[in-house]
file my_file_12.txt (compact mmCIF, C-alpha atoms)
# COMPACT_ATOMS: atom_id res chain seq x y z
CA MET A 1 -36.37 -16.45 12.16
CA THR A 2 -37.65 -17.34 15.66
CA GLN A 3 -36.19 -15.89 18.82
CA ALA A 4 -34.77 -19.30 19.69
CA GLY A 5 -33.17 -19.50 16.26
CA SER A 6 -31.67 -16.04 16.67
CA LEU A 7 -30.23 -16.97 20.06
CA ALA A 8 -28.80 -20.18 18.64
CA GLY A 9 -27.21 -18.25 15.77
CA ALA A 10 -25.71 -15.70 18.14
CA ALA A 11 -24.32 -18.46 20.34
CA ALA A 12 -22.77 -20.14 17.30
CA GLY A 13 -21.19 -16.82 16.29
CA GLU A 14 -19.72 -16.37 19.76
CA ARG A 15 -18.27 -19.89 19.67
CA ALA A 16 -16.74 -19.17 16.24
CA GLU A 17 -15.33 -15.90 17.60
CA ARG A 18 -13.74 -17.67 20.57
CA SER A 19 -12.40 -20.51 18.47
CA GLY A 20 -10.48 -18.16 16.20
CA HIS A 21 -10.86 -20.64 13.35
CA TRP A 22 -10.35 -17.76 10.90
CA LEU A 23 -6.96 -16.73 12.31
CA PRO A 24 -4.74 -19.26 10.43
CA VAL A 25 -6.38 -18.32 7.12
CA VAL A 26 -5.92 -14.60 7.77
CA LEU A 27 -2.28 -15.23 8.69
CA LEU A 28 -1.89 -17.02 5.35
CA PHE A 29 -3.42 -14.00 3.60
CA LEU A 30 -1.05 -11.73 5.54
CA PHE A 31 1.91 -13.82 4.36
CA ILE A 32 0.73 -13.59 0.74
CA TYR A 33 0.31 -9.81 0.92
CA VAL A 34 3.73 -9.44 2.56
CA ILE A 35 5.26 -11.28 -0.41
CA SER A 36 3.35 -8.96 -2.72
CA TYR A 37 4.85 -5.88 -1.07
CA ILE A 38 8.34 -7.35 -0.97
CA ASP A 39 8.20 -7.95 -4.71
CA ARG A 40 6.91 -4.46 -5.53
CA GLN A 41 9.27 -2.58 -3.15
CA ILE A 42 12.56 -4.40 -3.77
CA LEU A 43 13.33 -2.10 -6.71
CA SER A 44 13.83 0.81 -4.28
CA LEU A 45 16.88 -0.95 -2.80
CA VAL A 46 18.65 -1.55 -6.13
CA VAL A 47 18.07 1.81 -7.83
CA GLN A 48 21.80 2.47 -8.22
CA PRO A 49 22.85 -0.83 -9.89
CA VAL A 50 19.70 -0.95 -12.04
CA LYS A 51 20.35 2.60 -13.26
CA ALA A 52 23.94 1.73 -14.10
CA ALA A 53 23.14 -1.58 -15.80
CA LEU A 54 20.22 -0.35 -17.93
CA GLY A 55 21.31 3.28 -18.41
CA LEU A 56 18.20 4.75 -16.75
CA SER A 57 17.53 8.26 -15.46
CA ASP A 58 15.97 9.18 -12.11
CA PHE A 59 12.84 10.19 -14.04
CA GLN A 60 12.53 6.66 -15.47
CA ILE A 61 13.14 5.12 -12.06
CA GLY A 62 10.43 7.38 -10.62
CA LEU A 63 8.06 6.28 -13.36
CA LEU A 64 8.73 2.59 -12.65
CA GLN A 65 8.22 2.99 -8.91
CA GLY A 66 5.42 5.51 -9.11
CA LEU A 67 2.84 6.36 -11.75
CA ALA A 68 3.49 3.49 -14.16
CA PHE A 69 2.96 1.04 -11.30
CA SER A 70 0.30 2.70 -9.15
CA LEU A 71 -2.00 3.80 -11.97
CA VAL A 72 -2.00 0.33 -13.54
CA LEU A 73 -2.60 -1.16 -10.08
CA ALA A 74 -5.58 1.10 -9.42
CA VAL A 75 -7.20 0.72 -12.87
CA ALA A 76 -6.75 -3.05 -12.71
CA ALA A 77 -8.43 -3.12 -9.29
CA VAL A 78 -11.49 -1.31 -10.68
CA LEU A 79 -11.70 -3.57 -13.74
CA ALA A 80 -11.21 -6.74 -11.68
CA SER A 81 -13.84 -5.88 -9.05
CA PRO A 82 -16.64 -7.80 -10.87
CA LEU A 83 -14.48 -10.95 -10.75
CA ILE A 84 -14.23 -10.56 -6.98
CA ASP A 85 -18.02 -10.26 -6.68
CA ARG A 86 -18.88 -13.20 -8.93
CA GLY A 87 -15.83 -15.44 -9.44
CA ASN A 88 -13.75 -17.95 -7.47
CA ARG A 89 -11.60 -15.67 -5.32
CA ALA A 90 -9.27 -18.39 -4.01
CA ARG A 91 -8.40 -19.60 -7.50
CA LEU A 92 -7.98 -16.02 -8.72
CA LEU A 93 -5.59 -15.30 -5.84
CA GLY A 94 -3.43 -18.34 -6.69
CA LEU A 95 -3.30 -17.47 -10.41
CA CYS A 96 -2.40 -13.85 -9.67
CA MET A 97 0.40 -14.87 -7.30
CA ILE A 98 1.93 -17.09 -9.97
CA LEU A 99 1.76 -14.20 -12.43
CA TRP A 100 3.20 -11.46 -10.20
CA CYS A 101 6.05 -13.66 -8.98
CA GLY A 102 6.78 -14.56 -12.60
CA MET A 103 6.90 -10.83 -13.36
CA THR A 104 9.38 -10.42 -10.48
CA VAL A 105 11.65 -12.95 -12.19
CA LEU A 106 11.19 -11.05 -15.47
CA CYS A 107 12.45 -7.88 -13.74
CA GLY A 108 15.74 -9.73 -13.19
CA LEU A 109 15.91 -10.61 -16.88
CA ALA A 110 15.31 -7.04 -18.10
CA HIS A 111 17.92 -5.58 -20.45
CA ASP A 112 16.31 -2.18 -21.12
CA PHE A 113 13.71 0.23 -19.80
CA GLY A 114 10.91 -1.18 -21.96
CA MET A 115 11.34 -4.71 -20.66
CA LEU A 116 11.50 -3.55 -17.05
CA LEU A 117 8.39 -1.40 -17.60
CA LEU A 118 6.57 -4.43 -19.04
CA ALA A 119 7.52 -6.54 -16.02
CA ARG A 120 6.44 -3.84 -13.54
CA THR A 121 3.14 -3.43 -15.41
CA GLY A 122 2.48 -7.18 -15.17
CA LEU A 123 3.38 -7.05 -11.49
CA ALA A 124 0.86 -4.26 -10.88
CA LEU A 125 -1.91 -5.95 -12.89
CA SER A 126 -1.67 -9.19 -10.95
CA GLU A 127 -1.13 -7.68 -7.49
CA ALA A 128 -4.22 -5.45 -7.84
CA VAL A 129 -6.52 -8.36 -7.04
CA VAL A 130 -4.93 -9.27 -3.71
CA PRO A 131 -6.47 -6.79 -1.22
CA MET A 132 -9.94 -6.93 -2.79
CA ALA A 133 -10.06 -10.73 -2.94
CA VAL A 134 -8.72 -11.13 0.59
CA MET A 135 -10.96 -8.49 2.17
CA SER A 136 -13.95 -10.10 0.48
CA MET A 137 -12.99 -13.54 1.82
CA ILE A 138 -12.28 -12.21 5.31
CA CYS A 139 -15.87 -10.97 5.48
CA ASP A 140 -17.01 -14.53 4.72
CA ILE A 141 -14.73 -16.52 7.04
CA ALA A 142 -14.59 -14.33 10.16
CA PRO A 143 -17.54 -13.52 12.45
CA LYS A 144 -18.78 -9.96 11.91
CA ALA A 145 -17.43 -8.86 15.28
CA SER A 146 -13.97 -10.11 14.29
CA VAL A 147 -13.84 -8.60 10.78
CA PRO A 148 -12.23 -5.28 11.91
CA ARG A 149 -9.57 -7.18 13.88
CA ALA A 150 -8.89 -9.57 10.99
CA SER A 151 -8.74 -6.67 8.52
CA ALA A 152 -6.33 -4.70 10.70
CA LEU A 153 -4.06 -7.75 10.94
CA PHE A 154 -4.09 -8.18 7.17
CA MET A 155 -3.44 -4.47 6.54
CA ALA A 156 -0.18 -4.61 8.51
CA ALA A 157 1.28 -6.34 5.44
CA PRO A 158 2.36 -3.18 3.55
CA TYR A 159 4.59 -2.11 6.45
CA ILE A 160 5.98 -5.60 7.07
CA GLY A 161 6.51 -6.29 3.37
CA SER A 162 8.07 -2.92 2.53
CA GLY A 163 10.38 -3.20 5.53
CA PHE A 164 11.42 -6.78 4.87
CA ALA A 165 12.10 -5.97 1.21
CA LEU A 166 14.96 -3.84 2.52
CA LEU A 167 15.87 -5.97 5.55
CA LEU A 168 16.19 -9.16 3.48
CA GLY A 169 17.36 -7.52 0.28
CA GLY A 170 20.57 -6.07 1.72
CA PRO A 171 21.94 -9.36 3.13
CA LEU A 172 20.87 -11.24 0.00
CA LEU A 173 22.76 -8.77 -2.18
CA MET A 174 25.85 -9.25 -0.02
CA ALA A 175 25.51 -13.04 -0.32
CA LEU A 176 25.26 -12.75 -4.11
CA ALA A 177 28.18 -10.30 -4.46
CA PRO A 178 30.92 -13.02 -4.74
CA PHE A 179 29.22 -14.34 -7.89
CA GLU A 180 29.32 -11.01 -9.72
CA GLY A 181 30.76 -11.39 -13.21
CA VAL A 182 30.27 -15.16 -13.37
CA SER A 183 29.06 -16.19 -16.84
CA VAL A 184 25.41 -17.30 -16.81
CA PRO A 185 23.56 -18.76 -19.83
CA MET A 186 21.15 -16.23 -21.44
CA LEU A 187 22.28 -13.50 -19.05
CA GLY A 188 25.98 -13.17 -19.68
CA ALA A 189 27.92 -11.74 -16.74
CA PHE A 190 25.95 -12.22 -13.51
CA GLU A 191 24.81 -9.10 -11.64
CA PRO A 192 23.70 -9.44 -7.99
CA TRP A 193 20.61 -7.26 -8.40
CA ARG A 194 19.29 -9.69 -11.02
CA GLY A 195 19.85 -12.62 -8.68
CA LEU A 196 17.85 -10.79 -6.01
CA PHE A 197 14.77 -10.70 -8.25
CA PHE A 198 15.23 -14.41 -9.04
CA LEU A 199 15.53 -15.38 -5.38
CA LEU A 200 12.35 -13.49 -4.50
CA GLY A 201 10.28 -14.48 -7.52
CA ILE A 202 10.89 -18.19 -8.06
CA PRO A 203 9.73 -19.43 -4.60
CA GLY A 204 6.64 -17.25 -4.93
CA VAL A 205 5.64 -19.03 -8.13
CA ALA A 206 5.78 -22.34 -6.23
CA ILE A 207 3.65 -20.89 -3.40
CA GLY A 208 1.12 -19.66 -5.96
CA VAL A 209 0.82 -23.18 -7.38
CA LEU A 210 0.15 -24.54 -3.88
CA LEU A 211 -2.56 -21.90 -3.36
CA LEU A 212 -4.14 -22.87 -6.65
CA LEU A 213 -4.23 -26.52 -5.60
CA PHE A 214 -5.22 -26.32 -1.94
CA LEU A 215 -6.87 -22.97 -1.06
CA ARG A 216 -10.65 -23.40 -0.96
CA GLU A 217 -13.24 -20.77 -1.86
CA PRO A 218 -15.33 -19.86 1.22
CA ALA A 219 -19.11 -19.69 1.02
CA ARG A 220 -20.37 -16.15 0.46
CA ARG A 221 -22.54 -14.49 3.05
CA GLY A 222 -25.80 -12.98 1.88
CA GLY A 223 -28.04 -10.49 3.58
CA ALA A 224 -30.10 -7.37 3.07
CA ASP A 225 -27.00 -5.16 2.98
CA ALA A 226 -25.36 -7.08 0.17
CA GLY A 227 -26.62 -4.54 -2.33
CA ASP A 228 -27.41 -4.86 -6.02
CA PRO A 229 -24.23 -5.90 -7.90
CA SER A 230 -25.67 -4.38 -11.09
CA ALA A 231 -26.26 -0.91 -9.56
CA SER A 232 -24.14 1.93 -10.95
CA VAL A 233 -21.82 3.90 -8.69
CA ILE A 234 -21.77 6.93 -11.01
CA PRO A 235 -24.90 8.68 -9.62
CA PHE A 236 -23.51 8.46 -6.09
CA LEU A 237 -20.16 9.91 -7.16
CA ARG A 238 -21.80 12.68 -9.20
CA ASP A 239 -24.31 13.70 -6.53
CA ASN A 240 -21.66 13.85 -3.79
CA ALA A 241 -18.73 15.25 -5.77
CA GLY A 242 -18.60 18.41 -3.63
CA PHE A 243 -17.51 16.34 -0.62
CA LEU A 244 -15.82 13.38 -2.31
CA ALA A 245 -13.51 15.32 -4.66
CA PRO A 246 -11.61 17.37 -2.03
CA MET A 247 -11.60 14.46 0.43
CA LEU A 248 -10.16 12.01 -2.10
CA LEU A 249 -7.61 14.56 -3.30
CA ALA A 250 -6.46 15.30 0.26
CA ASN A 251 -6.14 11.57 1.02
CA ALA A 252 -4.31 11.07 -2.27
CA MET A 253 -1.68 13.56 -1.06
CA LEU A 254 -1.12 11.36 2.00
CA ASN A 255 -0.78 8.37 -0.29
CA LEU A 256 1.65 10.34 -2.46
CA VAL A 257 3.81 10.91 0.61
CA SER A 258 3.90 7.18 1.33
CA TYR A 259 4.78 6.21 -2.26
CA THR A 260 7.56 8.82 -2.30
CA ILE A 261 9.10 7.73 1.00
CA TYR A 262 8.99 4.06 0.00
CA ALA A 263 10.59 4.78 -3.36
CA TRP A 264 13.37 7.24 -2.55
CA SER A 265 14.37 7.12 1.14
CA PRO A 266 16.84 4.20 0.71
CA THR A 267 18.42 6.03 -2.23
CA LEU A 268 18.67 9.21 -0.14
CA MET A 269 20.60 7.39 2.59
CA ILE A 270 22.93 5.81 0.00
CA ARG A 271 23.62 8.91 -2.11
CA VAL A 272 23.61 11.69 0.48
CA HIS A 273 24.72 9.96 3.69
CA GLY A 274 27.14 7.45 2.13
CA MET A 275 25.47 4.29 3.47
CA SER A 276 26.11 0.98 1.78
CA THR A 277 23.15 -0.74 0.16
CA ALA A 278 23.05 -3.38 2.91
CA THR A 279 23.19 -0.79 5.72
CA ALA A 280 20.50 1.36 4.13
CA GLY A 281 18.33 -1.73 3.71
CA VAL A 282 18.60 -2.72 7.36
CA THR A 283 18.15 0.77 8.83
CA VAL A 284 15.36 2.04 6.57
CA GLY A 285 13.69 -1.37 6.50
CA SER A 286 13.60 -1.49 10.30
CA ILE A 287 11.95 1.93 10.36
CA PHE A 288 9.33 0.82 7.85
CA VAL A 289 8.42 -2.24 9.92
CA ILE A 290 8.53 -0.78 13.46
CA ALA A 291 7.26 2.76 12.86
CA GLY A 292 4.76 1.56 10.25
CA ILE A 293 3.10 -1.06 12.44
CA ALA A 294 3.14 1.25 15.49
CA GLY A 295 1.57 4.05 13.47
CA CYS A 296 -1.06 1.73 12.03
CA VAL A 297 -2.04 0.50 15.52
CA PHE A 298 -2.11 4.03 16.93
CA GLY A 299 -4.10 5.35 13.99
CA SER A 300 -6.69 2.56 14.25
CA TRP A 301 -7.13 3.37 17.95
CA ALA A 302 -7.35 7.13 17.39
CA MET A 303 -9.81 6.83 14.50
CA SER A 304 -12.18 4.68 16.57
CA ARG A 305 -12.51 7.14 19.49
CA SER A 306 -15.74 8.74 18.28
CA LYS A 307 -18.62 7.99 20.70
CA ASP A 308 -21.35 10.39 19.62
CA GLY A 309 -22.38 8.93 16.26
CA ARG A 310 -20.12 11.33 14.35
CA ALA A 311 -17.65 8.78 13.01
CA LEU A 312 -17.19 10.40 9.59
CA SER A 313 -16.23 13.84 10.88
CA HIS A 314 -14.05 12.29 13.61
CA VAL A 315 -12.05 10.23 11.12
CA VAL A 316 -11.60 13.15 8.72
CA ARG A 317 -10.58 15.49 11.56
CA THR A 318 -8.07 12.95 12.89
CA ILE A 319 -6.54 12.48 9.43
CA GLY A 320 -6.21 16.27 9.22
CA LEU A 321 -4.46 16.41 12.59
CA THR A 322 -1.96 13.73 11.59
CA PHE A 323 -1.29 15.60 8.32
CA LEU A 324 -0.63 18.81 10.30
CA CYS A 325 1.84 17.05 12.63
CA LEU A 326 3.44 15.20 9.72
CA GLY A 327 4.64 18.27 7.83
CA PRO A 328 7.73 19.40 9.81
CA PRO A 329 9.54 16.03 10.20
CA LEU A 330 8.54 14.99 6.68
CA ILE A 331 10.10 18.03 5.01
CA ALA A 332 13.12 18.14 7.34
CA PHE A 333 14.32 14.53 7.05
CA PRO A 334 15.71 14.78 3.48
CA LEU A 335 17.43 18.10 4.22
CA VAL A 336 19.40 17.49 7.44
CA ALA A 337 23.11 16.75 7.11
CA ASN A 338 23.36 14.26 9.98
CA ALA A 339 22.40 10.69 9.04
CA ASP A 340 21.21 9.71 12.51
CA LEU A 341 18.95 12.75 12.75
CA ALA A 342 17.60 12.05 9.27
CA LEU A 343 16.65 8.52 10.36
CA VAL A 344 14.94 9.78 13.53
CA LEU A 345 12.92 12.30 11.52
CA LEU A 346 12.07 9.61 8.97
CA ALA A 347 10.81 7.35 11.76
CA VAL A 348 8.59 10.11 13.20
CA ALA A 349 7.24 11.02 9.76
CA PHE A 350 6.61 7.38 8.88
CA PHE A 351 4.75 6.78 12.16
CA LEU A 352 2.45 9.75 11.53
CA MET A 353 1.97 8.83 7.89
CA ALA A 354 1.00 5.25 8.82
CA ALA A 355 -1.44 6.57 11.44
CA GLY A 356 -3.22 8.64 8.81
CA LEU A 357 -3.17 5.90 6.17
CA SER A 358 -4.64 3.34 8.58
CA SER A 359 -8.11 4.76 7.88
CA ILE A 360 -7.66 6.38 4.48
CA MET A 361 -10.53 4.31 3.01
CA THR A 362 -12.80 4.64 6.06
CA PRO A 363 -14.50 7.93 5.07
CA VAL A 364 -15.79 6.40 1.83
CA ALA A 365 -16.82 3.20 3.62
CA LEU A 366 -18.78 5.25 6.16
CA PHE A 367 -20.34 7.61 3.63
CA ALA A 368 -21.24 5.34 0.70
CA PRO A 369 -24.53 3.39 0.82
CA PRO A 370 -24.19 -0.42 1.00
CA GLY A 371 -25.34 -1.05 -2.55
CA VAL A 372 -22.42 0.83 -4.12
CA ARG A 373 -19.88 0.70 -1.28
CA GLY A 374 -17.50 -1.81 -2.90
CA ARG A 375 -17.31 0.05 -6.20
CA ALA A 376 -17.04 3.40 -4.43
CA LEU A 377 -14.03 2.05 -2.54
CA ALA A 378 -12.49 0.82 -5.80
CA MET A 379 -12.92 4.28 -7.34
CA ALA A 380 -11.41 5.86 -4.23
CA GLY A 381 -8.47 3.50 -4.56
CA LEU A 382 -8.08 4.56 -8.19
CA CYS A 383 -7.85 8.21 -7.12
CA HIS A 384 -5.50 7.52 -4.21
CA ALA A 385 -3.10 5.31 -6.16
CA GLY A 386 -3.27 7.22 -9.45
CA LEU A 387 -2.41 10.57 -7.90
CA GLY A 388 -0.17 9.03 -5.24
CA GLY A 389 2.01 7.50 -7.93
CA LEU A 390 2.93 10.97 -9.14
CA GLY A 391 5.18 11.38 -6.08
CA PRO A 392 8.12 9.13 -7.04
CA LEU A 393 7.86 10.37 -10.63
CA ALA A 394 7.90 14.02 -9.52
CA VAL A 395 11.03 13.47 -7.40
CA GLY A 396 12.86 11.93 -10.35
CA ALA A 397 11.70 14.71 -12.67
CA VAL A 398 12.76 17.50 -10.29
CA ASN A 399 16.12 15.84 -9.73
CA ASP A 400 16.82 15.34 -13.45
CA PHE A 401 15.30 18.48 -14.96
CA VAL A 402 15.57 21.11 -12.19
CA PHE A 403 18.63 20.28 -10.08
CA GLY A 404 20.31 18.17 -12.75
CA THR A 405 22.45 16.00 -10.47
CA PRO A 406 21.87 12.78 -8.48
CA ASP A 407 23.43 14.39 -5.39
CA ARG A 408 20.48 16.79 -4.99
CA ILE A 409 17.98 13.99 -4.29
CA GLY A 410 17.38 15.41 -0.79
CA GLN A 411 16.25 18.79 -2.10
CA SER A 412 14.09 17.10 -4.74
CA LEU A 413 12.40 15.02 -2.05
CA ALA A 414 11.82 18.05 0.17
CA VAL A 415 10.25 20.07 -2.66
CA CYS A 416 7.82 17.30 -3.63
CA LEU A 417 6.91 16.32 -0.07
CA ALA A 418 6.33 19.97 0.88
CA GLY A 419 4.05 20.42 -2.13
CA ALA A 420 1.94 17.37 -1.23
CA THR A 421 1.68 18.51 2.40
CA LEU A 422 0.55 22.02 1.46
CA VAL A 423 -2.11 20.73 -0.94
CA GLY A 424 -3.46 18.32 1.68
CA LEU A 425 -3.55 20.96 4.40
CA ALA A 426 -5.28 23.46 2.09
CA LEU A 427 -8.07 20.98 1.30
CA LEU A 428 -8.72 19.42 4.71
CA PRO A 429 -10.51 22.37 6.41
CA ARG A 430 -13.21 22.26 3.73
CA VAL A 431 -13.44 18.48 4.00
CA ILE A 432 -13.84 18.70 7.79
CA ARG A 433 -16.60 21.33 7.48
CA LEU A 434 -18.51 19.19 4.98
CA ALA A 435 -18.08 16.05 7.11
CA ASN A 436 -19.46 17.93 10.13
CA ARG A 437 -22.46 18.97 8.05
CA ILE A 438 -23.05 15.39 6.86
CA ASP A 439 -22.88 14.00 10.40
CA GLY A 440 -25.23 16.69 11.69
CA PRO A 441 -25.24 18.33 15.13
CA ALA A 442 -23.33 16.56 17.90
CA ASP A 443 -25.38 14.68 20.47
CA ARG A 444 -24.89 16.61 23.72
CA SER A 445 -26.98 14.22 25.82
CA SER A 446 -24.28 11.54 26.15

call {"tool": "encode", "arguments": {"input": "my_file_12.txt", "output": "structure tokens"}}
result
Amino acid sequence: MTQAGSLAGAAAGERAERSGHWLPVVLLFLFIYVISYIDRQILSLVVQPVKAALGLSDFQIGLLQGLAFSLVLAVAAVLASPLIDRGNRARLLGLCMILWCGMTVLCGLAHDFGMLLLARTGLALSEAVVPMAVMSMICDIAPKASVPRASALFMAAPYIGSGFALLLGGPLLMALAPFEGVSVPMLGAFEPWRGLFFLLGIPGVAIGVLLLLFLREPARRGGADAGDPSASVIPFLRDNAGFLAPMLLANAMLNLVSYTIYAWSPTLMIRVHGMSTATAGVTVGSIFVIAGIAGCVFGSWAMSRSKDGRALSHVVRTIGLTFLCLGPPLIAFPLVANADLALVLLAVAFFLMAAGLSSIMTPVALFAPPGVRGRALAMAGLCHAGLGGLGPLAVGAVNDFVFGTPDRIGQSLAVCLAGATLVGLALLPRVIRLANRIDGPADRSS
């Protein structure tokens, strides 16, 4: 390419950057991912009525919200990654939205644990594609300089969606309460929690159809860094296991904390502090949205403060610092007797957790070579989600098999959150030392 051609291309990129033509599409992707998180998190608000209606234990609820969902999600993401690299991402996104919203409706039709497990499995399988497909398309529609900003906007969806699942779910349950007991064909006596799944799932199916009809596949960008899509990621993982294994395990503990808080904090406020479902939804949901977004913004700023070419060690060190600060409020919030203090501690813990999670995938992205980066990230996601999903399950198991009563959910939460924190803190010093070695000596000349 000639110098004139390069200048013309740069000028075109700057005009595209200023025009913000990618922003409406990224906002659409944000909306889709918010719906995804609403559908996956709404179960945490209706634990009590679902347990009563289907005769479930806390262990089964923990399985549905944790390992049975997260492990399927992570494995499906790895298996679907070739479709993202070679298929029509826009069409795949529309089809998956139809499927996961249909599975949300099926959750409302469930009459036993097996049927609810099947619906949650289908939900996880179809939602696994969303972040990979969207991140891939963002890299093709936004100028390179705008990709981090577009990605950060999209990644606010988990906090918005998880919060709005509770904020919207509570009022919707109250609106459906007058119809409880009304005879409904195929269902029998109507239960409000079932109606909640219907109200969330059916409109999503319609939106998925619209995506399938009108969302266009963007042209893929090429380039020398695209990598060989046939290259294996196994040699990279094997040769660097000494650094990757403790780093991924430490980050998985942070993910475990997030899964556990999402799954059980509304139930804690209902069982221990006597809140109604609607009140717990509004208060905890507000914390998820406000503290989550604030933590994500703060974490993105803090992680990007490295100026000496030592980005990997800086990110790992900052994650370690957030983990260290996270421990006290995280373990205290399920144990305090005062509801207001519990909410304040939850907000502080959630802010710190979101700050750490904002860059949980960045170490792998910085460390992996371009040719295997996408698959390395998918494998990291498998580790994070697979181990992270043990958190909700562990809380249910401790509550059922150790304490033996629903009223001890606070102690069960504290035990599991303390365990995850201690494991993470034990691993991070080694991870930081190895990251420092990989980055090499600091540049003292700047």

call {"tool": "closest_residue", "arguments": {"input": "my_file_12.txt", "among": "A:Ala152, A:Leu67, A:Ile202, A:Leu413", "to": "Leu357 in chain A", "atoms": "only C-alpha atoms"}}
result
A:Ala152

call {"tool": "closest_residue", "arguments": {"input": "my_file_12.txt", "among": "A:Ala206, A:Glu180, A:Ala156, A:Gly87", "to": "Leu99 in chain A", "atoms": "only C-alpha atoms"}}
result
A:Ala206

call {"tool": "residues_around", "arguments": {"input": "my_file_12.txt", "residues": "Leu83 in chain A", "least_positions_apart": "5", "cutoff": "9 Å", "atoms": "only C-alpha atoms", "output": "PyMOL selection string"}}
result
chain A and resi 88-89+92+133

call {"tool": "write_last_selection", "arguments": {"input": "my_file_12.txt", "atoms": "C-alpha atoms", "output": "PDB file, keeping the file's coordinate frame"}}
result
ATOM      1  CA  ASN A  88     -13.750 -17.950  -7.470  1.00  0.00           C
ATOM      2  CA  ARG A  89     -11.600 -15.670  -5.320  1.00  0.00           C
ATOM      3  CA  LEU A  92      -7.980 -16.020  -8.720  1.00  0.00           C
ATOM      4  CA  ALA A 133     -10.060 -10.730  -2.940  1.00  0.00           C
TER       5      ALA A 133
END

call {"tool": "closest_residue", "arguments": {"input": "my_file_12.txt", "among": "A:Val289, A:Ile38, A:Met137, A:Val50", "to": "Arg220 in chain A", "atoms": "all atoms listed in the file"}}
result
A:Met137

call {"tool": "closest_residue", "arguments": {"input": "my_file_12.txt", "among": "A:Asn338, A:Thr405, A:Ser126, A:Ser258", "to": "Gly66 in chain A", "atoms": "all atoms listed in the file"}}
result
A:Ser258

call {"tool": "atom_distance", "arguments": {"input": "my_file_12.txt", "atom1": "CA of Ile141 in chain A", "atom2": "CA of Leu93 in chain A"}}
result
15.8 Å

call {"tool": "residues_near_point", "arguments": {"input": "my_file_12.txt", "point": "(22.9, -6.0, 0.9)", "cutoff": "12 Å", "atoms": "all atoms listed in the file", "output": "count of residues only"}}
result
32

call {"tool": "residues_around", "arguments": {"input": "my_file_12.txt", "residues": "Gly396 in chain A", "least_positions_apart": "3", "cutoff": "7 Å", "atoms": "all atoms listed in the file", "output": "ChimeraX atom specification"}}
result
/A:58-59,62,392-393,399-400

call {"tool": "atom_distance", "arguments": {"input": "my_file_12.txt", "atom1": "CA of Val415 in chain A", "atom2": "CA of Pro329 in chain A"}}
result
13.5 Å

call {"tool": "residues_around", "arguments": {"input": "my_file_12.txt", "residues": "Leu268 in chain A", "least_positions_apart": "4", "cutoff": "7 Å", "atoms": "all atoms listed in the file", "output": "PyMOL selection string"}}
result
chain A and resi 264+272+409-410

call {"tool": "write_last_selection", "arguments": {"input": "my_file_12.txt", "atoms": "C-alpha atoms", "output": "CSV table (one decimal), in the coordinates of the input"}}
result
chain,number,residue,atom,x,y,z
A,264,TRP,CA,13.4,7.2,-2.6
A,272,VAL,CA,23.6,11.7,0.5
A,409,ILE,CA,18.0,14.0,-4.3
A,410,GLY,CA,17.4,15.4,-0.8

call {"tool": "closest_atom_pairs", "arguments": {"input": "my_file_12.txt", "of": "range 295-336 of chain A", "to": "range 348-354 of chain A", "cutoff": "6 Å", "atoms": "all atoms listed in the file", "output": "JSON lines"}}
result
{"residue": "A:Gly295", "atom": "CA", "partner": "A:Phe351", "partner_atom": "CA", "distance": 4.4}
{"residue": "A:Cys296", "atom": "CA", "partner": "A:Ala354", "partner_atom": "CA", "distance": 5.2}
{"residue": "A:Thr322", "atom": "CA", "partner": "A:Leu352", "partner_atom": "CA", "distance": 5.9}
{"residue": "A:Leu326", "atom": "CA", "partner": "A:Ala349", "partner_atom": "CA", "distance": 5.6}
{"residue": "A:Pro329", "atom": "CA", "partner": "A:Ala349", "partner_atom": "CA", "distance": 5.5}
{"residue": "A:Leu330", "atom": "CA", "partner": "A:Ala349", "partner_atom": "CA", "distance": 5.2}

call {"tool": "closest_residue", "arguments": {"input": "my_file_12.txt", "among": "A:His384, A:His111, A:Arg91, A:Arg120", "to": "Leu43 in chain A", "atoms": "all atoms listed in the file"}}
result
A:Arg120

call {"tool": "closest_residue", "arguments": {"input": "my_file_12.txt", "among": "A:Leu254, A:Leu71, A:Ala53, A:Val315", "to": "Phe190 in chain A", "atoms": "only C-alpha atoms"}}
result
A:Ala53

call {"tool": "decode", "arguments": {"input": "my_file_12.txt", "residues": "range 186-198 of chain A", "atoms": "C-alpha atoms", "output": "short mmCIF file (atom, residue, chain, number, x, y, z; two decimals), in the first residue's frame"}}
result
data_model
loop_
_atom_site.label_atom_id
_atom_site.label_comp_id
_atom_site.auth_asym_id
_atom_site.auth_seq_id
_atom_site.Cartn_x
_atom_site.Cartn_y
_atom_site.Cartn_z
CA MET A 186 -52.47 -27.53 30.45
CA LEU A 187 -51.18 -25.91 33.65
CA GLY A 188 -54.01 -26.30 36.10
CA ALA A 189 -53.98 -23.73 38.90
CA PHE A 190 -51.96 -20.67 37.85
CA GLU A 191 -48.82 -19.84 39.83
CA PRO A 192 -47.30 -16.34 39.50
CA TRP A 193 -43.72 -17.60 39.16
CA ARG A 194 -44.74 -19.53 36.04
CA GLY A 195 -46.32 -16.43 34.55
CA LEU A 196 -43.07 -14.55 35.15
CA PHE A 197 -41.16 -16.97 32.91
CA PHE A 198 -43.87 -16.66 30.24
#
